[in-house]
Amino acid sequence: MKVFITGASGAIGSALTRELLTHGHTVLALARSDRSASFLHTLRAEVVRGSLTDLSILAKAASECDAVAHLAFINEFEHYAENCAVDRAAIGAIGSALVASSEGETTAEIAAVEKTGDKAFVISSGTSLLPKGRLALESQPYDATDPFGALRGPAEDLALSFASKGNGVRVSVIRLPSVYGNGSLGWVALMLSSASENDVVPYIAEGDNRWCAAHARDVAVLYRLALENGGKGGKGGKGKGSIYHAVAEEGVRSKDVAEALGKKLGLPVKGMRVEEAQEVFGVLEANALGIDYPASSDMTREELGWEPKERGLLEWLGSEEFEAREVPGWSKADSKSS
């Protein structure tokens, strides 16, 4: 199958590109910059130039493929509402194109195509959008009372709306945890930025809040499984499409993460009051560092047969795969990391 990927040069996207090519699929990847295009060519992906705001390019690429994995998201806290709107517009353009190409319809942006039947559309969301403080399940809706859930959660509803009966499109929503590995740090990046500036690895309060987590390569496998067989409205679905959790570890204590990072870097750890952390990181980032969001992936594993195989977060932080010196802006690792 031919898969169109947005965000293909990122940590999950590049792992997914390799995963799909290894399993005999072909990849059409969206690239905004020359650098991304060059990198994706080295992975043997076909490249189309454009950005998330180029809706006609997204629609055309989607209509030419059997499936789409939408991973790109503009991660800027200060423009979060606007970026969520960009995300929904992209999902709308891609979903409409897949429906049209599956049904053989013609729209203003999509040339007439022959009916191709089964199509797959996989979008990305987050486990952090769910109610906090208890184990979150795939069957639970996002928390519309939470500012982040209220802004980004509707993207789930929009994507699933394209899975209405009989239109030939399988839709999957993959909720992401803190994703690490293959160039990604997840929430660890917040701790690392403070360690770089203050020689201390922080956590919030007693550090008992939990982060669900997964390695980028394990997450990429889940995206492939969803593209191949997901979105059929299983236990995690709402009767139209399916919701999956890319969770390898249900809940890792943030203090344990800080201690593992401190050991790796040779730095002390420190519990911070929320107010103190807000001064250091900013309000949104500090609140994110203290979030308690364990999540289950039992339904996901049962429906798709997903079995994470990579190192857990704490083991990864102590391994050679994690090298803080490779993180932009980090300068102390050369002398303090093991």
# chains A, B, ... in the order shown; residues from 1 in each chain; ligands from 1
$ closest_atom_pairs --of "range 175-279 of chain A" --to "range 118-126 of chain A" --cutoff "10 Å" --atoms "only C-alpha atoms" --output "Markdown table"
| residue | atom | partner | partner_atom | distance |
| --- | --- | --- | --- | --- |
| A:Arg175 | CA | A:Gly126 | CA | 4.1 |
| A:Leu176 | CA | A:Gly126 | CA | 4.5 |
| A:Pro177 | CA | A:Gly126 | CA | 6.3 |
| A:Ser178 | CA | A:Gly126 | CA | 8.9 |
| A:Tyr223 | CA | A:Val122 | CA | 7.4 |
| A:Arg224 | CA | A:Val122 | CA | 9.5 |
| A:Ala226 | CA | A:Val122 | CA | 7.1 |
| A:Leu227 | CA | A:Ala120 | CA | 5.7 |
| A:Glu228 | CA | A:Ala120 | CA | 7.7 |
| A:Asn229 | CA | A:Ala120 | CA | 8.6 |
| A:Gly230 | CA | A:Ala120 | CA | 8.0 |
| A:Gly231 | CA | A:Ala120 | CA | 7.5 |
| A:Lys232 | CA | A:Ala120 | CA | 9.9 |
| A:Gly241 | CA | A:Phe121 | CA | 9.5 |
| A:Ser242 | CA | A:Val122 | CA | 9.5 |
| A:Ile243 | CA | A:Ser125 | CA | 9.6 |
| A:Tyr244 | CA | A:Ser125 | CA | 9.7 |
| A:His245 | CA | A:Gly126 | CA | 8.5 |
| A:Ala246 | CA | A:Gly126 | CA | 9.2 |
$ write_last_selection --atoms "C-alpha atoms" --output "JSON list (two decimals), in the first residue's frame"
[["chain", "number", "residue", "atom", "x", "y", "z"],
["A", 175, "ARG", "CA", -3.34, 8.98, 21.39],
["A", 176, "LEU", "CA", 0.32, 9.53, 22.14],
["A", 177, "PRO", "CA", 1.99, 9.38, 25.57],
["A", 178, "SER", "CA", 5.38, 10.91, 26.37],
["A", 223, "TYR", "CA", 0.88, 3.26, 13.42],
["A", 224, "ARG", "CA", 1.73, 0.58, 10.84],
["A", 226, "ALA", "CA", -3.42, 0.72, 12.48],
["A", 227, "LEU", "CA", -2.80, 1.59, 8.84],
["A", 228, "GLU", "CA", -2.92, -2.07, 7.84],
["A", 229, "ASN", "CA", -5.80, -3.36, 9.97],
["A", 230, "GLY", "CA", -7.13, -0.66, 12.32],
["A", 231, "GLY", "CA", -10.07, 1.69, 12.33],
["A", 232, "LYS", "CA", -12.79, -0.96, 12.13],
["A", 241, "GLY", "CA", -13.47, 4.19, 13.60],
["A", 242, "SER", "CA", -11.20, 3.25, 16.48],
["A", 243, "ILE", "CA", -9.17, 4.93, 19.21],
["A", 244, "TYR", "CA", -5.83, 3.48, 20.25],
["A", 245, "HIS", "CA", -3.32, 4.29, 22.99],
["A", 246, "ALA", "CA", 0.37, 4.10, 22.05]]
$ select_by_dssp --residues "range 17-171 of chain A" --states "strand (DSSP E or B)" --output "ChimeraX atom specification"
/A:26-31,46-49,67-70,119-126,136,169-171
$ closest_residue --among "A:Phe73, A:Asp87, A:Lys264, A:Gly7" --to "Arg49 in chain A" --atoms "only C-alpha atoms"
A:Gly7
$ closest_residue --among "A:Ser196, A:Ser128, A:Ser101, A:Ser63" --to "Ala150 in chain A" --atoms "only C-alpha atoms"
A:Ser128
$ residues_around --residues "Arg253 in chain A" --least-positions-apart "2" --cutoff "6 Å" --atoms "only C-alpha atoms" --output "compact mmCIF listing (two decimals) with C-alpha atoms, in the first residue's frame"
# COMPACT_ATOMS: atom_id res chain seq x y z
CA ASP A 208 4.42 11.16 42.48
CA ASN A 209 2.67 12.23 39.28
CA ARG A 210 2.88 9.59 36.56
CA LYS A 255 10.61 11.65 40.42
CA ASP A 256 11.97 8.34 39.13
$ closest_residue --among "A:Val179, A:Leu192, A:Val169, A:Ala258" --to "Glu206 in chain A" --atoms "only C-alpha atoms"
A:Ala258
$ closest_residue --among "A:Ile74, A:Ala136, A:Val3, A:Leu55" --to "Ser96 in chain A" --atoms "only C-alpha atoms"
A:Leu55
$ closest_residue --among "A:Ala189, A:Val257, A:Ile91, A:Ala45" --to "His25 in chain A" --atoms "only C-alpha atoms"
A:Ala45
$ closest_residue --among "A:Tyr293, A:Phe162, A:Trp316, A:Phe39" --to "Arg134 in chain A" --atoms "only C-alpha atoms"
A:Tyr293
$ residues_around --residues "Ala93 in chain A" --least-positions-apart "5" --cutoff "12 Å" --atoms "only C-alpha atoms" --output "compact mmCIF listing (two decimals) with N, CA and C atoms, in the first residue's frame"
# COMPACT_ATOMS: atom_id res chain seq x y z
N LEU A 52 1.52 22.16 6.41
CA LEU A 52 0.17 21.82 6.87
C LEU A 52 -0.88 22.81 6.42
N THR A 53 -0.46 24.00 6.05
CA THR A 53 -1.43 25.00 5.60
C THR A 53 -1.70 24.93 4.10
N ASP A 54 -0.96 24.08 3.39
CA ASP A 54 -1.18 23.90 1.94
C ASP A 54 -2.24 22.83 1.73
N LEU A 55 -3.49 23.19 1.93
CA LEU A 55 -4.56 22.20 1.95
C LEU A 55 -4.75 21.49 0.61
N SER A 56 -4.56 22.20 -0.49
CA SER A 56 -4.72 21.55 -1.80
C SER A 56 -3.63 20.50 -2.02
N ILE A 57 -2.42 20.76 -1.53
CA ILE A 57 -1.34 19.78 -1.65
C ILE A 57 -1.65 18.55 -0.79
N LEU A 58 -2.13 18.77 0.43
CA LEU A 58 -2.49 17.66 1.30
C LEU A 58 -3.59 16.81 0.67
N ALA A 59 -4.61 17.47 0.11
CA ALA A 59 -5.73 16.75 -0.48
C ALA A 59 -5.28 15.92 -1.68
N LYS A 60 -4.46 16.51 -2.53
CA LYS A 60 -3.99 15.80 -3.73
C LYS A 60 -3.15 14.59 -3.34
N ALA A 61 -2.23 14.78 -2.40
CA ALA A 61 -1.38 13.66 -1.97
C ALA A 61 -2.22 12.54 -1.36
N ALA A 62 -3.20 12.91 -0.53
CA ALA A 62 -4.06 11.89 0.09
C ALA A 62 -4.85 11.12 -0.95
N SER A 63 -5.36 11.83 -1.96
CA SER A 63 -6.18 11.18 -2.97
C SER A 63 -5.39 10.20 -3.82
N VAL A 68 -3.25 7.34 4.85
CA VAL A 68 -2.58 8.55 5.34
C VAL A 68 -2.30 8.41 6.82
N HIS A 70 -1.25 10.96 9.66
CA HIS A 70 -1.09 12.39 9.95
C HIS A 70 -0.43 12.55 11.32
N VAL A 86 -5.12 24.82 12.68
CA VAL A 86 -4.39 24.35 11.51
C VAL A 86 -4.50 22.83 11.39
N ASP A 87 -4.38 22.15 12.52
CA ASP A 87 -4.47 20.69 12.54
C ASP A 87 -5.84 20.22 12.05
N ARG A 88 -6.89 20.85 12.53
CA ARG A 88 -8.25 20.45 12.11
C ARG A 88 -8.47 20.72 10.63
N LEU A 98 -9.75 11.53 1.02
CA LEU A 98 -9.80 10.07 1.10
C LEU A 98 -11.20 9.55 0.81
N VAL A 99 -12.20 10.22 1.36
CA VAL A 99 -13.58 9.82 1.09
C VAL A 99 -13.89 9.96 -0.39
N ALA A 100 -13.49 11.08 -0.99
CA ALA A 100 -13.76 11.31 -2.40
C ALA A 100 -13.07 10.28 -3.28
N THR A 107 -14.14 16.74 -6.30
CA THR A 107 -14.31 17.99 -5.57
C THR A 107 -13.53 19.06 -6.29
N ALA A 108 -13.63 20.28 -5.80
CA ALA A 108 -12.93 21.40 -6.45
C ALA A 108 -11.43 21.22 -6.40
N GLU A 109 -10.94 20.51 -5.37
CA GLU A 109 -9.49 20.40 -5.20
C GLU A 109 -8.93 19.07 -5.67
N ILE A 110 -9.83 18.08 -5.91
CA ILE A 110 -9.37 16.74 -6.23
C ILE A 110 -9.85 16.33 -7.60
N PHE A 121 -7.05 6.09 7.35
CA PHE A 121 -6.67 7.42 7.81
C PHE A 121 -6.35 7.32 9.30
N LEU A 158 -13.54 15.13 14.53
CA LEU A 158 -13.54 15.43 13.11
C LEU A 158 -13.02 14.23 12.32
N ALA A 159 -11.91 13.66 12.75
CA ALA A 159 -11.36 12.51 12.03
C ALA A 159 -12.34 11.34 12.01
N PHE A 162 -15.24 10.94 9.47
CA PHE A 162 -15.01 10.44 8.11
C PHE A 162 -15.16 8.92 8.01
$ residues_around --residues "Ile291 in chain A" --least-positions-apart "4" --cutoff "12 Å" --atoms "only C-alpha atoms" --output "list in words"
Thr127, Ser128, Leu129, Leu130, Pro131, Lys132, Gly133, Arg134, Pro177, Ser178, Trp187, Tyr203, Ile204, Ala205, Gly207, Asp208, Asn209, Arg210, Trp211, Cys212, Gly251, Val252, Arg253, Ser254, Val274, Leu284, Glu285, Ala286 and Asn287 of chain A
$ residues_around --residues "range 215-222 of chain A" --least-positions-apart "4" --cutoff "10 Å" --atoms "only C-alpha atoms" --output "PyMOL selection string"
chain A and resi 10-20+174+176-186+226-228+230+244-249+300-301+304-313+316
$ write_last_selection --atoms "C-alpha atoms" --output "CSV table (one decimal), in the first residue's frame"
chain,number,residue,atom,x,y,z
A,10,GLY,CA,10.2,13.7,13.0
A,11,ALA,CA,11.0,11.1,15.6
A,12,ILE,CA,7.9,9.0,15.1
A,13,GLY,CA,7.5,9.8,11.4
A,14,SER,CA,11.0,8.7,10.4
A,15,ALA,CA,10.6,5.5,12.4
A,16,LEU,CA,7.3,4.9,10.7
A,17,THR,CA,8.8,5.5,7.3
A,18,ARG,CA,11.4,2.9,7.9
A,19,GLU,CA,8.8,0.5,9.4
A,20,LEU,CA,6.5,0.8,6.4
A,174,ILE,CA,-3.7,7.2,18.0
A,176,LEU,CA,0.3,9.5,22.1
A,177,PRO,CA,2.0,9.4,25.6
A,178,SER,CA,5.4,10.9,26.4
A,179,VAL,CA,7.4,9.6,23.4
A,180,TYR,CA,11.1,9.2,23.7
A,181,GLY,CA,13.9,7.8,21.5
A,182,ASN,CA,14.9,8.3,17.9
A,183,GLY,CA,15.6,11.9,18.5
A,184,SER,CA,12.6,12.6,20.8
A,185,LEU,CA,12.7,13.4,24.5
A,186,GLY,CA,9.0,13.8,25.4
A,226,ALA,CA,-3.4,0.7,12.5
A,227,LEU,CA,-2.8,1.6,8.8
A,228,GLU,CA,-2.9,-2.1,7.8
A,230,GLY,CA,-7.1,-0.7,12.3
A,244,TYR,CA,-5.8,3.5,20.3
A,245,HIS,CA,-3.3,4.3,23.0
A,246,ALA,CA,0.4,4.1,22.0
A,247,VAL,CA,1.3,3.3,25.7
A,248,ALA,CA,4.1,0.9,26.5
A,249,GLU,CA,4.3,1.9,30.2
A,300,THR,CA,-5.1,-1.5,21.7
A,301,ARG,CA,-3.0,-4.5,22.3
A,304,LEU,CA,-4.1,-4.9,16.9
A,305,GLY,CA,-1.7,-7.4,18.5
A,306,TRP,CA,0.7,-4.6,19.4
A,307,GLU,CA,3.6,-5.7,21.6
A,308,PRO,CA,6.1,-3.0,22.6
A,309,LYS,CA,9.7,-4.3,22.6
A,310,GLU,CA,12.0,-1.4,23.2
A,311,ARG,CA,13.6,-0.3,26.5
A,312,GLY,CA,11.3,1.3,29.1
A,313,LEU,CA,11.8,5.0,29.8
A,316,TRP,CA,16.5,4.2,28.1
$ atom_distance --atom1 "CA of Gly266 in chain A" --atom2 "CA of Pro202 in chain A"
13.5 Å
$ residues_around --residues "Glu46 in chain A" --least-positions-apart "4" --cutoff "12 Å" --atoms "only C-alpha atoms" --output "list in words"
Lys2, Val3, Phe4, Ile5, Ala8, Thr17, Leu21, His25, Thr26, Val27, Leu28, Ala29, Leu30, Ala31, Ser36, Ala37, Ser38, Phe39, Leu40, His41, Thr42, Ala61 and Cys65 of chain A
$ decode --residues "range 260-272 of chain A" --atoms "all heavy atoms" --output "PDB file, in the first residue's frame"
ATOM      1  N   ALA A 260      16.704   9.171  37.387  1.00  0.00           N
ATOM      2  CA  ALA A 260      17.434   8.477  36.321  1.00  0.00           C
ATOM      3  C   ALA A 260      18.214   9.468  35.468  1.00  0.00           C
ATOM      4  O   ALA A 260      19.363   9.218  35.085  1.00  0.00           O
ATOM      5  CB  ALA A 260      16.462   7.686  35.452  1.00  0.00           C
ATOM      6  N   LEU A 261      17.599  10.614  35.175  1.00  0.00           N
ATOM      7  CA  LEU A 261      18.278  11.639  34.385  1.00  0.00           C
ATOM      8  C   LEU A 261      19.433  12.242  35.172  1.00  0.00           C
ATOM      9  O   LEU A 261      20.528  12.467  34.628  1.00  0.00           O
ATOM     10  CB  LEU A 261      17.275  12.724  33.980  1.00  0.00           C
ATOM     11  CG  LEU A 261      17.799  13.844  33.080  1.00  0.00           C
ATOM     12  CD1 LEU A 261      18.354  13.285  31.770  1.00  0.00           C
ATOM     13  CD2 LEU A 261      16.687  14.856  32.795  1.00  0.00           C
ATOM     14  N   GLY A 262      19.212  12.510  36.473  1.00  0.00           N
ATOM     15  CA  GLY A 262      20.279  13.051  37.307  1.00  0.00           C
ATOM     16  C   GLY A 262      21.467  12.108  37.404  1.00  0.00           C
ATOM     17  O   GLY A 262      22.625  12.539  37.361  1.00  0.00           O
ATOM     18  N   LYS A 263      21.192  10.817  37.508  1.00  0.00           N
ATOM     19  CA  LYS A 263      22.267   9.829  37.564  1.00  0.00           C
ATOM     20  C   LYS A 263      23.060   9.820  36.268  1.00  0.00           C
ATOM     21  O   LYS A 263      24.296   9.746  36.275  1.00  0.00           O
ATOM     22  CB  LYS A 263      21.685   8.444  37.850  1.00  0.00           C
ATOM     23  CG  LYS A 263      22.721   7.352  37.946  1.00  0.00           C
ATOM     24  CD  LYS A 263      22.070   6.008  38.274  1.00  0.00           C
ATOM     25  CE  LYS A 263      23.114   4.904  38.370  1.00  0.00           C
ATOM     26  NZ  LYS A 263      22.480   3.580  38.671  1.00  0.00           N
ATOM     27  N   LYS A 264      22.356   9.903  35.157  1.00  0.00           N
ATOM     28  CA  LYS A 264      23.020   9.894  33.855  1.00  0.00           C
ATOM     29  C   LYS A 264      23.917  11.113  33.686  1.00  0.00           C
ATOM     30  O   LYS A 264      25.025  11.028  33.147  1.00  0.00           O
ATOM     31  CB  LYS A 264      21.959   9.871  32.751  1.00  0.00           C
ATOM     32  CG  LYS A 264      22.510   9.931  31.333  1.00  0.00           C
ATOM     33  CD  LYS A 264      23.167   8.641  30.923  1.00  0.00           C
ATOM     34  CE  LYS A 264      23.540   8.663  29.456  1.00  0.00           C
ATOM     35  NZ  LYS A 264      24.138   7.401  28.997  1.00  0.00           N
ATOM     36  N   LEU A 265      23.451  12.278  34.152  1.00  0.00           N
ATOM     37  CA  LEU A 265      24.175  13.531  33.942  1.00  0.00           C
ATOM     38  C   LEU A 265      25.104  13.896  35.084  1.00  0.00           C
ATOM     39  O   LEU A 265      25.869  14.857  34.973  1.00  0.00           O
ATOM     40  CB  LEU A 265      23.166  14.676  33.728  1.00  0.00           C
ATOM     41  CG  LEU A 265      22.154  14.500  32.601  1.00  0.00           C
ATOM     42  CD1 LEU A 265      21.210  15.689  32.547  1.00  0.00           C
ATOM     43  CD2 LEU A 265      22.859  14.302  31.272  1.00  0.00           C
ATOM     44  N   GLY A 266      25.030  13.151  36.206  1.00  0.00           N
ATOM     45  CA  GLY A 266      25.848  13.488  37.350  1.00  0.00           C
ATOM     46  C   GLY A 266      25.383  14.755  38.038  1.00  0.00           C
ATOM     47  O   GLY A 266      26.190  15.544  38.543  1.00  0.00           O
ATOM     48  N   LEU A 267      24.060  14.961  38.102  1.00  0.00           N
ATOM     49  CA  LEU A 267      23.494  16.162  38.695  1.00  0.00           C
ATOM     50  C   LEU A 267      22.498  15.799  39.796  1.00  0.00           C
ATOM     51  O   LEU A 267      21.882  14.727  39.754  1.00  0.00           O
ATOM     52  CB  LEU A 267      22.753  16.985  37.628  1.00  0.00           C
ATOM     53  CG  LEU A 267      23.596  17.619  36.519  1.00  0.00           C
ATOM     54  CD1 LEU A 267      22.682  18.287  35.496  1.00  0.00           C
ATOM     55  CD2 LEU A 267      24.581  18.632  37.105  1.00  0.00           C
ATOM     56  N   PRO A 268      22.326  16.676  40.797  1.00  0.00           N
ATOM     57  CA  PRO A 268      21.334  16.428  41.838  1.00  0.00           C
ATOM     58  C   PRO A 268      19.921  16.629  41.303  1.00  0.00           C
ATOM     59  O   PRO A 268      19.721  17.261  40.263  1.00  0.00           O
ATOM     60  CB  PRO A 268      21.664  17.485  42.896  1.00  0.00           C
ATOM     61  CG  PRO A 268      22.280  18.606  42.118  1.00  0.00           C
ATOM     62  CD  PRO A 268      23.060  17.946  41.009  1.00  0.00           C
ATOM     63  N   VAL A 269      18.938  16.091  42.016  1.00  0.00           N
ATOM     64  CA  VAL A 269      17.533  16.295  41.661  1.00  0.00           C
ATOM     65  C   VAL A 269      16.876  17.145  42.738  1.00  0.00           C
ATOM     66  O   VAL A 269      17.343  17.195  43.877  1.00  0.00           O
ATOM     67  CB  VAL A 269      16.789  14.959  41.492  1.00  0.00           C
ATOM     68  CG1 VAL A 269      17.430  14.127  40.407  1.00  0.00           C
ATOM     69  CG2 VAL A 269      16.737  14.198  42.807  1.00  0.00           C
ATOM     70  N   LYS A 270      15.786  17.810  42.379  1.00  0.00           N
ATOM     71  CA  LYS A 270      15.136  18.721  43.319  1.00  0.00           C
ATOM     72  C   LYS A 270      13.639  18.783  43.068  1.00  0.00           C
ATOM     73  O   LYS A 270      13.208  18.949  41.928  1.00  0.00           O
ATOM     74  CB  LYS A 270      15.731  20.125  43.178  1.00  0.00           C
ATOM     75  CG  LYS A 270      15.063  21.189  44.042  1.00  0.00           C
ATOM     76  CD  LYS A 270      15.601  22.569  43.734  1.00  0.00           C
ATOM     77  CE  LYS A 270      14.884  23.639  44.543  1.00  0.00           C
ATOM     78  NZ  LYS A 270      15.369  25.008  44.191  1.00  0.00           N
ATOM     79  N   GLY A 271      12.863  18.655  44.138  1.00  0.00           N
ATOM     80  CA  GLY A 271      11.428  18.853  44.032  1.00  0.00           C
ATOM     81  C   GLY A 271      11.112  20.343  44.074  1.00  0.00           C
ATOM     82  O   GLY A 271      11.648  21.070  44.910  1.00  0.00           O
ATOM     83  N   MET A 272      10.282  20.816  43.168  1.00  0.00           N
ATOM     84  CA  MET A 272       9.924  22.231  43.088  1.00  0.00           C
ATOM     85  C   MET A 272       8.449  22.435  43.401  1.00  0.00           C
ATOM     86  O   MET A 272       7.613  21.621  43.021  1.00  0.00           O
ATOM     87  CB  MET A 272      10.172  22.776  41.669  1.00  0.00           C
ATOM     88  CG  MET A 272      11.599  23.026  41.307  1.00  0.00           C
ATOM     89  SD  MET A 272      11.675  23.832  39.663  1.00  0.00           S
ATOM     90  CE  MET A 272      13.415  24.238  39.582  1.00  0.00           C
TER      91      MET A 272
END
